[in-house]
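Colleague: One file is attached below, structure_11.pdb, containing PDB, C-alpha atoms.
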```
ATOM      1  CA  MET A   1     206.894 255.767  76.716
ATOM      2  CA  THR A   2     209.597 256.613  74.234
ATOM      3  CA  GLY A   3     213.314 257.147  74.163
ATOM      4  CA  THR A   4     214.712 260.646  74.121
ATOM      5  CA  GLY A   5     214.701 260.434  70.366
ATOM      6  CA  THR A   6     217.746 262.200  69.017
ATOM      7  CA  GLY A   7     221.039 260.669  68.006
ATOM      8  CA  PRO A   8     221.783 257.028  67.269
ATOM      9  CA  LYS A   9     219.684 254.354  68.907
ATOM     10  CA  ALA A  10     221.204 252.255  71.656
ATOM     11  CA  ARG A  11     221.951 248.812  70.245
ATOM     12  CA  ILE A  12     221.439 246.163  72.910
ATOM     13  CA  ALA A  13     222.042 242.436  72.441
ATOM     14  CA  VAL A  14     219.361 240.108  73.815
ATOM     15  CA  VAL A  15     220.673 236.563  74.264
ATOM     16  CA  THR A  16     218.455 233.529  73.718
ATOM     17  CA  PHE A  17     219.487 230.292  75.433
ATOM     18  CA  PRO A  18     217.631 227.018  74.879
ATOM     19  CA  GLY A  19     214.792 227.494  77.354
ATOM     20  CA  SER A  20     214.817 231.299  77.488
ATOM     21  CA  ASN A  21     211.252 232.584  77.357
ATOM     22  CA  ASP A  22     211.464 236.288  78.164
ATOM     23  CA  ASP A  23     213.789 237.214  75.318
ATOM     24  CA  ARG A  24     210.960 238.496  73.126
ATOM     25  CA  ASP A  25     209.394 240.563  75.904
ATOM     26  CA  ALA A  26     212.823 242.026  76.660
ATOM     27  CA  ALA A  27     213.297 242.949  72.991
ATOM     28  CA  LEU A  28     209.790 244.468  72.775
ATOM     29  CA  ALA A  29     210.375 246.510  75.922
ATOM     30  CA  LEU A  30     213.699 247.802  74.580
ATOM     31  CA  GLU A  31     212.017 248.818  71.305
ATOM     32  CA  ARG A  32     209.329 250.717  73.170
ATOM     33  CA  LEU A  33     212.051 252.540  75.084
ATOM     34  CA  GLY A  34     213.734 253.657  71.867
ATOM     35  CA  ALA A  35     216.537 251.087  71.690
ATOM     36  CA  GLU A  36     217.377 248.613  68.968
ATOM     37  CA  PRO A  37     217.411 245.042  70.311
ATOM     38  CA  VAL A  38     219.822 242.721  68.516
ATOM     39  CA  PRO A  39     218.983 239.028  68.892
ATOM     40  CA  VAL A  40     221.925 236.796  69.782
ATOM     41  CA  TRP A  41     221.935 232.979  69.971
ATOM     42  CA  HIS A  42     223.670 231.211  72.872
ATOM     43  CA  ALA A  43     225.933 229.295  70.465
ATOM     44  CA  ASP A  44     227.272 232.479  68.835
ATOM     45  CA  ARG A  45     230.978 232.849  69.416
ATOM     46  CA  GLU A  46     230.942 236.602  68.903
ATOM     47  CA  LEU A  47     228.676 239.440  69.907
ATOM     48  CA  PRO A  48     227.446 241.961  67.331
ATOM     49  CA  ASP A  49     228.749 245.514  67.661
ATOM     50  CA  VAL A  50     227.120 246.379  70.996
ATOM     51  CA  ARG A  51     228.159 247.822  74.348
ATOM     52  CA  ALA A  52     225.213 246.394  76.261
ATOM     53  CA  VAL A  53     223.675 242.938  76.684
ATOM     54  CA  ILE A  54     220.576 241.501  78.342
ATOM     55  CA  LEU A  55     220.480 237.912  79.593
ATOM     56  CA  PRO A  56     216.721 237.339  79.796
ATOM     57  CA  GLY A  57     214.523 235.167  81.978
ATOM     58  CA  GLY A  58     213.460 231.608  81.355
ATOM     59  CA  PHE A  59     214.676 228.135  82.158
ATOM     60  CA  SER A  60     217.917 227.764  80.213
ATOM     61  CA  HIS A  61     218.807 224.096  79.722
ATOM     62  CA  GLY A  62     215.768 223.165  81.814
ATOM     63  CA  ASP A  63     217.435 224.554  84.971
ATOM     64  CA  TYR A  64     219.137 221.148  85.198
ATOM     65  CA  LEU A  65     221.784 220.722  87.919
ATOM     66  CA  ARG A  66     221.319 224.298  89.233
ATOM     67  CA  ALA A  67     219.564 227.206  87.541
ATOM     68  CA  GLY A  68     222.090 228.890  85.242
ATOM     69  CA  ALA A  69     224.829 226.323  85.841
ATOM     70  CA  LEU A  70     224.828 224.938  82.293
ATOM     71  CA  ALA A  71     224.089 228.157  80.373
ATOM     72  CA  ARG A  72     227.176 229.643  81.914
ATOM     73  CA  PHE A  73     229.288 227.463  79.563
ATOM     74  CA  ALA A  74     227.502 228.617  76.388
ATOM     75  CA  PRO A  75     229.902 229.863  73.692
ATOM     76  CA  VAL A  76     228.384 233.367  73.860
ATOM     77  CA  MET A  77     229.428 233.688  77.505
ATOM     78  CA  GLY A  78     233.087 234.160  76.484
ATOM     79  CA  PRO A  79     232.465 237.413  74.591
ATOM     80  CA  ILE A  80     230.039 238.525  77.328
ATOM     81  CA  GLN A  81     232.764 238.005  79.961
ATOM     82  CA  ARG A  82     235.120 240.093  77.808
ATOM     83  CA  LEU A  83     232.525 242.832  77.266
ATOM     84  CA  ALA A  84     231.933 243.004  81.023
ATOM     85  CA  ALA A  85     235.687 243.142  81.732
ATOM     86  CA  ASP A  86     235.939 245.967  79.204
ATOM     87  CA  GLY A  87     233.278 248.048  80.964
ATOM     88  CA  GLY A  88     230.301 247.093  78.764
ATOM     89  CA  LEU A  89     226.872 246.873  80.376
ATOM     90  CA  VAL A  90     225.393 243.497  81.249
ATOM     91  CA  LEU A  91     221.902 243.080  82.726
ATOM     92  CA  GLY A  92     220.677 239.668  83.883
ATOM     93  CA  ILE A  93     216.973 239.282  84.592
ATOM     94  CA  CYS A  94     215.764 236.267  86.618
ATOM     95  CA  ASN A  95     217.391 233.294  84.859
ATOM     96  CA  GLY A  96     219.904 235.820  83.477
ATOM     97  CA  PHE A  97     220.736 236.784  87.087
ATOM     98  CA  GLN A  98     221.190 233.103  87.950
ATOM     99  CA  ILE A  99     223.531 232.661  84.957
ATOM    100  CA  LEU A 100     225.616 235.720  85.933
ATOM    101  CA  CYS A 101     226.019 234.377  89.493
ATOM    102  CA  GLU A 102     227.028 230.927  88.233
ATOM    103  CA  ALA A 103     229.463 232.566  85.799
ATOM    104  CA  GLY A 104     231.093 234.521  88.623
ATOM    105  CA  LEU A 105     230.187 237.867  87.028
ATOM    106  CA  LEU A 106     228.017 238.615  90.053
ATOM    107  CA  PRO A 107     228.473 237.563  93.690
ATOM    108  CA  GLY A 108     226.216 235.137  95.518
ATOM    109  CA  ALA A 109     223.942 232.329  94.422
ATOM    110  CA  LEU A 110     220.231 231.801  93.860
ATOM    111  CA  ARG A 111     218.566 228.909  95.688
ATOM    112  CA  PRO A 112     215.072 227.413  95.645
ATOM    113  CA  ASN A 113     212.472 229.708  97.215
ATOM    114  CA  HIS A 114     212.036 229.273 100.959
ATOM    115  CA  SER A 115     208.372 228.359 100.364
ATOM    116  CA  LEU A 116     209.309 225.777  97.692
ATOM    117  CA  SER A 117     206.500 227.380  95.668
ATOM    118  CA  PHE A 118     206.805 229.115  92.358
ATOM    119  CA  VAL A 119     206.021 232.775  93.068
ATOM    120  CA  CYS A 120     204.314 234.833  90.357
ATOM    121  CA  ARG A 121     203.025 238.248  91.386
ATOM    122  CA  ASP A 122     203.766 241.970  91.504
ATOM    123  CA  VAL A 123     206.132 242.757  94.356
ATOM    124  CA  PRO A 124     207.000 246.093  95.937
ATOM    125  CA  LEU A 125     210.684 247.015  95.718
ATOM    126  CA  THR A 126     212.851 249.775  97.141
ATOM    127  CA  VAL A 127     215.573 251.368  95.049
ATOM    128  CA  GLU A 128     218.676 251.415  97.250
ATOM    129  CA  ARG A 129     220.978 252.968  94.675
ATOM    130  CA  ALA A 130     219.885 255.453  92.020
ATOM    131  CA  ASP A 131     223.417 256.204  90.832
ATOM    132  CA  THR A 132     223.918 253.100  88.677
ATOM    133  CA  PRO A 133     223.480 252.747  84.885
ATOM    134  CA  PHE A 134     220.468 250.545  85.657
ATOM    135  CA  THR A 135     218.583 252.866  88.027
ATOM    136  CA  ALA A 136     219.495 256.434  87.010
ATOM    137  CA  ARG A 137     215.862 257.266  86.120
ATOM    138  CA  CYS A 138     214.832 256.356  89.676
ATOM    139  CA  THR A 139     215.362 258.237  92.913
ATOM    140  CA  GLU A 140     216.958 256.699  95.985
ATOM    141  CA  ARG A 141     214.403 255.003  98.278
ATOM    142  CA  GLN A 142     211.827 255.113  95.466
ATOM    143  CA  ARG A 143     209.258 252.366  95.703
ATOM    144  CA  LEU A 144     208.573 250.332  92.567
ATOM    145  CA  SER A 145     206.076 247.617  91.726
ATOM    146  CA  ILE A 146     207.445 244.970  89.362
ATOM    147  CA  PRO A 147     206.431 241.316  88.938
ATOM    148  CA  VAL A 148     208.534 238.325  89.956
ATOM    149  CA  LYS A 149     207.961 234.815  88.586
ATOM    150  CA  HIS A 150     210.446 232.262  89.781
ATOM    151  CA  GLY A 151     210.980 229.105  91.767
ATOM    152  CA  GLU A 152     214.647 229.716  92.545
ATOM    153  CA  GLY A 153     215.044 233.335  93.515
ATOM    154  CA  CYS A 154     216.327 233.029  97.055
ATOM    155  CA  PHE A 155     219.519 235.097  96.946
ATOM    156  CA  PHE A 156     222.229 233.722  99.197
ATOM    157  CA  ALA A 157     225.461 235.327 100.339
ATOM    158  CA  ASP A 158     227.369 234.182 103.422
ATOM    159  CA  SER A 159     227.752 236.706 106.231
ATOM    160  CA  GLU A 160     231.163 237.867 105.012
ATOM    161  CA  LEU A 161     229.974 238.447 101.434
ATOM    162  CA  LEU A 162     226.752 240.063 102.630
ATOM    163  CA  ALA A 163     228.702 242.532 104.781
ATOM    164  CA  GLU A 164     230.913 243.348 101.808
ATOM    165  CA  LEU A 165     227.896 243.914  99.534
ATOM    166  CA  GLU A 166     226.178 246.151 102.067
ATOM    167  CA  GLU A 167     229.304 248.155 102.901
ATOM    168  CA  SER A 168     230.166 248.770  99.271
ATOM    169  CA  GLY A 169     226.586 249.708  98.366
ATOM    170  CA  ARG A 170     226.123 246.949  95.855
ATOM    171  CA  VAL A 171     222.584 246.073  96.867
ATOM    172  CA  VAL A 172     220.559 248.006  94.287
ATOM    173  CA  LEU A 173     217.038 246.667  94.865
ATOM    174  CA  ARG A 174     215.382 245.180  97.932
ATOM    175  CA  TYR A 175     212.001 243.571  98.428
ATOM    176  CA  GLU A 176     209.748 245.799 100.487
ATOM    177  CA  GLY A 177     207.462 244.185 103.049
ATOM    178  CA  GLU A 178     206.963 240.460 102.609
ATOM    179  CA  ASN A 179     210.061 238.704 101.293
ATOM    180  CA  PRO A 180     208.765 236.575  98.379
ATOM    181  CA  ASN A 181     211.541 233.961  98.315
ATOM    182  CA  GLY A 182     213.653 234.086 101.482
ATOM    183  CA  SER A 183     216.543 236.092 100.003
ATOM    184  CA  VAL A 184     219.112 237.209 102.578
ATOM    185  CA  ALA A 185     218.568 240.855 103.551
ATOM    186  CA  ALA A 186     215.577 240.850 101.139
ATOM    187  CA  ILE A 187     217.986 241.387  98.240
ATOM    188  CA  ALA A 188     216.263 241.591  94.851
ATOM    189  CA  GLY A 189     219.107 242.994  92.729
ATOM    190  CA  VAL A 190     222.878 243.504  92.992
ATOM    191  CA  VAL A 191     225.693 245.017  90.940
ATOM    192  CA  ASN A 192     229.302 243.928  90.564
ATOM    193  CA  ALA A 193     232.134 245.920  92.144
ATOM    194  CA  GLU A 194     232.710 247.919  88.956
ATOM    195  CA  GLY A 195     229.012 248.781  88.672
ATOM    196  CA  ASN A 196     228.555 247.685  85.038
ATOM    197  CA  VAL A 197     226.950 244.259  85.610
ATOM    198  CA  MET A 198     223.602 243.934  87.351
ATOM    199  CA  GLY A 199     221.287 241.051  88.116
ATOM    200  CA  LEU A 200     217.753 241.130  89.479
ATOM    201  CA  MET A 201     214.971 238.601  89.998
ATOM    202  CA  PRO A 202     212.007 240.911  89.206
ATOM    203  CA  HIS A 203     211.067 241.343  85.541
ATOM    204  CA  PRO A 204     211.174 244.979  84.423
ATOM    205  CA  GLU A 205     210.366 243.907  80.846
ATOM    206  CA  HIS A 206     206.934 242.754  82.052
ATOM    207  CA  ALA A 207     206.196 246.161  83.582
ATOM    208  CA  VAL A 208     206.419 248.646  80.710
ATOM    209  CA  ASP A 209     202.791 248.756  79.545
ATOM    210  CA  PRO A 210     199.829 250.139  81.550
ATOM    211  CA  LEU A 211     197.777 247.267  80.106
ATOM    212  CA  THR A 212     199.573 244.836  82.429
ATOM    213  CA  GLY A 213     199.544 247.092  85.481
ATOM    214  CA  SER A 214     202.716 248.850  86.557
ATOM    215  CA  THR A 215     205.073 250.663  84.182
ATOM    216  CA  ASP A 216     207.850 250.885  86.789
ATOM    217  CA  GLY A 217     209.974 248.432  84.820
ATOM    218  CA  ALA A 218     210.446 251.190  82.241
ATOM    219  CA  LEU A 219     212.348 253.215  84.855
ATOM    220  CA  LEU A 220     214.956 250.446  85.155
ATOM    221  CA  LEU A 221     215.122 249.466  81.488
ATOM    222  CA  GLY A 222     214.955 253.143  80.447
ATOM    223  CA  SER A 223     217.991 253.853  82.637
ATOM    224  CA  PHE A 224     219.775 250.927  80.996
ATOM    225  CA  VAL A 225     218.846 252.206  77.509
ATOM    226  CA  ASP A 226     220.122 255.704  78.392
ATOM    227  CA  ALA A 227     223.439 254.262  79.581
ATOM    228  CA  ALA A 228     223.678 251.970  76.548
ATOM    229  CA  ARG A 229     223.114 254.941  74.235
ATOM    230  CA  ARG A 230     225.908 256.880  75.939
ATOM    231  CA  ALA A 231     228.159 253.823  75.695
ATOM    232  CA  THR A 232     227.285 253.400  72.001
ATOM    233  CA  THR A 233     228.294 256.963  71.135
ATOM    234  CA  ALA A 234     231.345 257.023  73.420
ATOM    235  CA  PRO A 235     232.530 253.418  73.663
ATOM    236  CA  ALA A 236     234.883 253.694  76.627
ATOM    237  CA  ALA A 237     232.546 255.712  78.875
ATOM    238  CA  VAL A 238     230.119 253.748  80.957
TER     239      VAL A 238
ATOM    240  CA  MET B 239     236.487 203.457  86.632
ATOM    241  CA  ARG B 240     233.261 204.409  88.348
ATOM    242  CA  ALA B 241     232.853 207.276  90.738
ATOM    243  CA  THR B 242     230.066 208.709  92.840
ATOM    244  CA  VAL B 243     229.933 212.369  93.741
ATOM    245  CA  LEU B 244     227.751 213.463  96.663
ATOM    246  CA  VAL B 245     226.771 217.106  96.655
ATOM    247  CA  ARG B 246     225.239 218.594  99.805
ATOM    248  CA  PRO B 247     223.951 221.997 100.827
ATOM    249  CA  LYS B 248     226.560 223.446 103.198
ATOM    250  CA  PRO B 249     225.699 223.719 106.896
ATOM    251  CA  GLY B 250     223.752 226.898 107.533
ATOM    252  CA  ILE B 251     222.357 227.034 104.009
ATOM    253  CA  LEU B 252     218.584 227.050 104.021
ATOM    254  CA  ASP B 253     217.366 223.750 102.566
ATOM    255  CA  PRO B 254     213.614 224.083 101.986
ATOM    256  CA  GLN B 255     213.394 220.592 100.444
ATOM    257  CA  GLY B 256     214.976 219.088 103.553
ATOM    258  CA  GLU B 257     212.613 221.069 105.779
ATOM    259  CA  ALA B 258     209.573 219.874 103.832
ATOM    260  CA  VAL B 259     210.724 216.250 104.055
ATOM    261  CA  LEU B 260     211.512 216.657 107.760
ATOM    262  CA  GLY B 261     207.970 217.886 108.350
ATOM    263  CA  SER B 262     206.467 214.960 106.449
ATOM    264  CA  LEU B 263     208.626 212.397 108.261
ATOM    265  CA  ARG B 264     207.520 213.814 111.611
ATOM    266  CA  GLN B 265     203.910 213.699 110.462
ATOM    267  CA  LEU B 266     204.403 210.012 109.757
ATOM    268  CA  GLY B 267     205.458 209.626 113.379
ATOM    269  CA  PHE B 268     209.219 209.297 112.929
ATOM    270  CA  ALA B 269     211.418 211.013 115.505
ATOM    271  CA  VAL B 270     213.708 212.885 113.120
ATOM    272  CA  GLU B 271     215.889 215.792 114.251
ATOM    273  CA  ASP B 272     216.972 217.098 110.863
ATOM    274  CA  ALA B 273     216.837 216.284 107.161
ATOM    275  CA  ARG B 274     219.020 217.726 104.416
ATOM    276  CA  ILE B 275     218.701 216.908 100.740
ATOM    277  CA  GLY B 276     221.619 216.798  98.331
ATOM    278  CA  ARG B 277     222.379 215.240  94.982
ATOM    279  CA  VAL B 278     224.111 212.068  93.800
ATOM    280  CA  VAL B 279     226.061 212.009  90.533
ATOM    281  CA  ASP B 280     227.218 208.590  89.314
ATOM    282  CA  LEU B 281     229.998 208.782  86.770
ATOM    283  CA  GLU B 282     231.735 206.302  84.516
ATOM    284  CA  LEU B 283     235.220 207.629  83.817
ATOM    285  CA  ALA B 284     237.063 206.950  80.574
ATOM    286  CA  ASN B 285     240.546 207.333  82.004
ATOM    287  CA  GLY B 286     242.158 204.916  84.454
ATOM    288  CA  GLY B 287     244.473 205.806  87.314
ATOM    289  CA  ARG B 288     243.053 206.624  90.727
ATOM    290  CA  GLU B 289     245.179 209.718  91.268
ATOM    291  CA  GLN B 290     244.266 211.200  87.923
ATOM    292  CA  ALA B 291     240.602 210.321  88.386
ATOM    293  CA  ARG B 292     240.479 211.975  91.780
ATOM    294  CA  ALA B 293     242.145 215.139  90.464
ATOM    295  CA  GLU B 294     239.725 215.298  87.539
ATOM    296  CA  LEU B 295     236.733 214.724  89.789
ATOM    297  CA  GLU B 296     237.872 217.571  92.027
ATOM    298  CA  ARG B 297     237.955 219.847  89.011
ATOM    299  CA  MET B 298     234.524 218.647  87.841
ATOM    300  CA  CYS B 299     233.096 219.484  91.243
ATOM    301  CA  GLU B 300     234.702 222.910  91.432
ATOM    302  CA  GLN B 301     233.720 223.867  87.889
ATOM    303  CA  LEU B 302     230.270 222.385  87.507
ATOM    304  CA  LEU B 303     228.904 219.671  89.774
ATOM    305  CA  ALA B 304     228.858 221.799  92.925
ATOM    306  CA  ASN B 305     228.625 225.519  93.582
ATOM    307  CA  PRO B 306     231.352 225.973  96.218
ATOM    308  CA  LEU B 307     229.568 228.969  97.724
ATOM    309  CA  ILE B 308     226.557 226.931  98.819
ATOM    310  CA  GLU B 309     227.451 223.258  98.404
ATOM    311  CA  SER B 310     230.060 220.822  99.691
ATOM    312  CA  TYR B 311     230.981 217.650  97.847
ATOM    313  CA  GLU B 312     232.411 214.239  98.547
ATOM    314  CA  ILE B 313     234.057 211.969  95.986
ATOM    315  CA  GLU B 314     233.896 208.185  96.156
ATOM    316  CA  LEU B 315     235.899 206.099  93.724
ATOM    317  CA  VAL B 316     234.538 202.654  92.954
ATOM    318  CA  GLY B 317     236.225 199.867  91.002
ATOM    319  CA  ASP B 318     239.738 198.922  90.058
ATOM    320  CA  ALA B 319     242.747 201.103  90.579
TER     321      ALA B 319
END
```
Go through the file and emit its structure as C-alpha cells.
Modeller:
Amino acid sequence: MTGTGTGPKARIAVVTFPGSNDDRDAALALERLGAEPVPVWHADRELPDVRAVILPGGFSHGDYLRAGALARFAPVMGPIQRLAADGGLVLGICNGFQILCEAGLLPGALRPNHSLSFVCRDVPLTVERADTPFTARCTERQRLSIPVKHGEGCFFADSELLAELEESGRVVLRYEGENPNGSVAAIAGVVNAEGNVMGLMPHPEHAVDPLTGSTDGALLLGSFVDAARRATTAPAAV
Amino acid sequence: MRATVLVRPKPGILDPQGEAVLGSLRQLGFAVEDARIGRVVDLELANGGREQARAELERMCEQLLANPLIESYEIELVGDA
C-alpha cells in the first residue's frame, strides 16, 4: 500500500478540533498512501499551503447542541470555506461530515440513529459514483467494506433535496443491505454540486491495514491522495 | 430580559427519542398517541428592547440554536419590555 511514488507528495491538512479522535488515524493512513499530512488546529486562522483538507471523526465540542454545530464556527472554518469555494478538496469523515453539513458546505443534516444505539461495525457499501476525486480508484457499483462508528449518522434530506441529490448524481456511497442508522435512501456519502467537497459516515482511515480487516478504505483515501497530488502540482485543476 | 427558545424536530422528521419515550409511556399504561422531543434554551439577554431582542433571537435560531432543515423554533420573551 504505497503512493505512486514519483513527483512531489500530496500535502493534505488534517484538522483537529477539541474532541476530534480520528485525526491521528487519518494522518497515519495518508502517510501510508504516500501523502504528507499537515496537522492543523481548529483555532488556526490560516491553512498551510495545501489544496486538500480532511475534517476527521470524533466528537468536536462534545457534540453539544447538534453534532458539528459548534465546530462549524471554529476560526479554521473560514479558510476551509474559501479553499472549497476556490476548488480545493475537502473530505469530511463522520464528525467531519456533520460539520460540513452544519457549515452548509454539504446538503442535508445528520440526526441520531434510528435505533438510538451507537453503531460500531464493518458495513457493506456500494460505490454509486466512481468519477469523483474521492472514488476514482473504485469502479461504479463496486462493493466496499468499511467500518462505521457513530450515534448520529442518520442522513436526512427532505423529498425535494433528496430528488435533487439523486438527479444530479451526488450520492456517492450507499449502504448495502441493512441500513445501519436510518439514513434516507441509505445514503452513506454525498458530494457538493461542484464535486470537490465530500462527506461520508464510514471511516476509510480505519480500513487501510489488513491487520484490522478490510483495506477498502485505501481505495477512497488513495483516490483523494491522487487528486490532492494533481491539485498540488497544478493548483487550479481539481 | 429573559427569553425561552423552544426547538422542535419538524413534522415528518424521524424522532427516535420521541418514539422510545412513546413506547415507554404506553408500557406504563398511558394512552398516548404521539411523543416528540425537542430542546429548551433559556437565555438572559444583555440588551433591552423587545423588538431588538426578538430580532436577535431570530438570528440566534437561524444561525445556531436550530437547524432550519430539520428543526422549527418558537421564541418566548419573558420579563419587562
Colleague: Write out as a PyMOL selection string each polymer residue whose atoms come within 9 Å of region 302-316 of chain B, counting only C-alpha atoms; drop sequence neighbours fewer than 5 positions from it.
Modeller: (chain A and resi 65-66+69-70+102+108-109+111+156-158) or (chain B and resi 239-249+251+276+279+288+291-292+295-297)
Colleague: List every residue of chain A that has an atom at most 12 Å from any atom of chain B, giving for each one its closest atom pair and the distance in Å to one decimal, counting all atoms listed in the file, sorted by chain and then by ascending residue number, as JSON lines.
Modeller:
```
{"residue": "A:Tyr64", "atom": "CA", "partner": "B:Leu303", "partner_atom": "CA", "distance": 10.9}
{"residue": "A:Leu65", "atom": "CA", "partner": "B:Leu303", "partner_atom": "CA", "distance": 7.4}
{"residue": "A:Arg66", "atom": "CA", "partner": "B:Asn305", "partner_atom": "CA", "distance": 8.6}
{"residue": "A:Ala67", "atom": "CA", "partner": "B:Asn305", "partner_atom": "CA", "distance": 11.0}
{"residue": "A:Gly68", "atom": "CA", "partner": "B:Leu302", "partner_atom": "CA", "distance": 10.7}
{"residue": "A:Ala69", "atom": "CA", "partner": "B:Leu302", "partner_atom": "CA", "distance": 6.9}
{"residue": "A:Leu70", "atom": "CA", "partner": "B:Leu302", "partner_atom": "CA", "distance": 8.0}
{"residue": "A:Ala71", "atom": "CA", "partner": "B:Leu302", "partner_atom": "CA", "distance": 11.1}
{"residue": "A:Arg72", "atom": "CA", "partner": "B:Leu302", "partner_atom": "CA", "distance": 9.7}
{"residue": "A:Phe73", "atom": "CA", "partner": "B:Leu302", "partner_atom": "CA", "distance": 9.5}
{"residue": "A:Cys101", "atom": "CA", "partner": "B:Asn305", "partner_atom": "CA", "distance": 10.1}
{"residue": "A:Glu102", "atom": "CA", "partner": "B:Asn305", "partner_atom": "CA", "distance": 7.8}
{"residue": "A:Ala103", "atom": "CA", "partner": "B:Gln301", "partner_atom": "CA", "distance": 9.9}
{"residue": "A:Gly104", "atom": "CA", "partner": "B:Asn305", "partner_atom": "CA", "distance": 10.6}
{"residue": "A:Pro107", "atom": "CA", "partner": "B:Leu307", "partner_atom": "CA", "distance": 9.6}
{"residue": "A:Gly108", "atom": "CA", "partner": "B:Leu307", "partner_atom": "CA", "distance": 7.4}
{"residue": "A:Ala109", "atom": "CA", "partner": "B:Leu307", "partner_atom": "CA", "distance": 7.3}
{"residue": "A:Leu110", "atom": "CA", "partner": "B:Ile308", "partner_atom": "CA", "distance": 9.4}
{"residue": "A:Arg111", "atom": "CA", "partner": "B:Leu252", "partner_atom": "CA", "distance": 8.5}
{"residue": "A:Pro112", "atom": "CA", "partner": "B:Pro254", "partner_atom": "CA", "distance": 7.3}
{"residue": "A:Asn113", "atom": "CA", "partner": "B:Pro254", "partner_atom": "CA", "distance": 7.5}
{"residue": "A:His114", "atom": "CA", "partner": "B:Pro254", "partner_atom": "CA", "distance": 5.5}
{"residue": "A:Ser115", "atom": "CA", "partner": "B:Pro254", "partner_atom": "CA", "distance": 7.0}
{"residue": "A:Leu116", "atom": "CA", "partner": "B:Pro254", "partner_atom": "CA", "distance": 6.3}
{"residue": "A:Ser117", "atom": "CA", "partner": "B:Pro254", "partner_atom": "CA", "distance": 10.1}
{"residue": "A:Gly151", "atom": "CA", "partner": "B:Pro254", "partner_atom": "CA", "distance": 11.7}
{"residue": "A:Glu152", "atom": "CA", "partner": "B:Pro254", "partner_atom": "CA", "distance": 11.0}
{"residue": "A:Cys154", "atom": "CA", "partner": "B:Leu252", "partner_atom": "CA", "distance": 9.5}
{"residue": "A:Phe155", "atom": "CA", "partner": "B:Leu252", "partner_atom": "CA", "distance": 10.8}
{"residue": "A:Phe156", "atom": "CA", "partner": "B:Ile308", "partner_atom": "CA", "distance": 8.1}
{"residue": "A:Ala157", "atom": "CA", "partner": "B:Leu307", "partner_atom": "CA", "distance": 8.0}
{"residue": "A:Asp158", "atom": "CA", "partner": "B:Leu307", "partner_atom": "CA", "distance": 8.0}
{"residue": "A:Ser159", "atom": "CA", "partner": "B:Gly250", "partner_atom": "CA", "distance": 10.7}
{"residue": "A:Glu160", "atom": "CA", "partner": "B:Leu307", "partner_atom": "CA", "distance": 11.6}
{"residue": "A:Leu161", "atom": "CA", "partner": "B:Leu307", "partner_atom": "CA", "distance": 10.2}
{"residue": "A:Asn181", "atom": "CA", "partner": "B:Pro254", "partner_atom": "CA", "distance": 10.7}
{"residue": "A:Gly182", "atom": "CA", "partner": "B:Leu252", "partner_atom": "CA", "distance": 9.0}
{"residue": "A:Ser183", "atom": "CA", "partner": "B:Leu252", "partner_atom": "CA", "distance": 10.1}
{"residue": "A:Val184", "atom": "CA", "partner": "B:Leu252", "partner_atom": "CA", "distance": 10.3}
```
Colleague: Grab the CA of Ala52 (chain A) to CA of Val197 (chain A) distance for me, in Å with one decimal place.
Modeller: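 Rounded to one decimal, the two atoms are 9.7 Å apart.
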Colleague: State, in Å with one decimal place, the distance from CA of Thr132 (chain A) to CA of Gly195 (chain A).
Modeller: 6.7 Å
Colleague: Distance cut-off 7 Å, centre (205.4, 245.4, 91.0) in file coordinates, counting only C-alpha atoms: which residues qualify? Return them as a list in words.
Modeller: Asp122, Val123, Pro124, Leu144, Ser145, Ile146, Pro147 and Ser214 of chain A
Colleague: May I have the residues from that selection written out with C-alpha atoms, as a PDB file, in the frame of the given file?
Modeller:
```pdb
ATOM      1  CA  ASP A 122     203.766 241.970  91.504  1.00  0.00           C
ATOM      2  CA  VAL A 123     206.132 242.757  94.356  1.00  0.00           C
ATOM      3  CA  PRO A 124     207.000 246.093  95.937  1.00  0.00           C
ATOM      4  CA  LEU A 144     208.573 250.332  92.567  1.00  0.00           C
ATOM      5  CA  SER A 145     206.076 247.617  91.726  1.00  0.00           C
ATOM      6  CA  ILE A 146     207.445 244.970  89.362  1.00  0.00           C
ATOM      7  CA  PRO A 147     206.431 241.316  88.938  1.00  0.00           C
ATOM      8  CA  SER A 214     202.716 248.850  86.557  1.00  0.00           C
TER       9      SER A 214
END
```
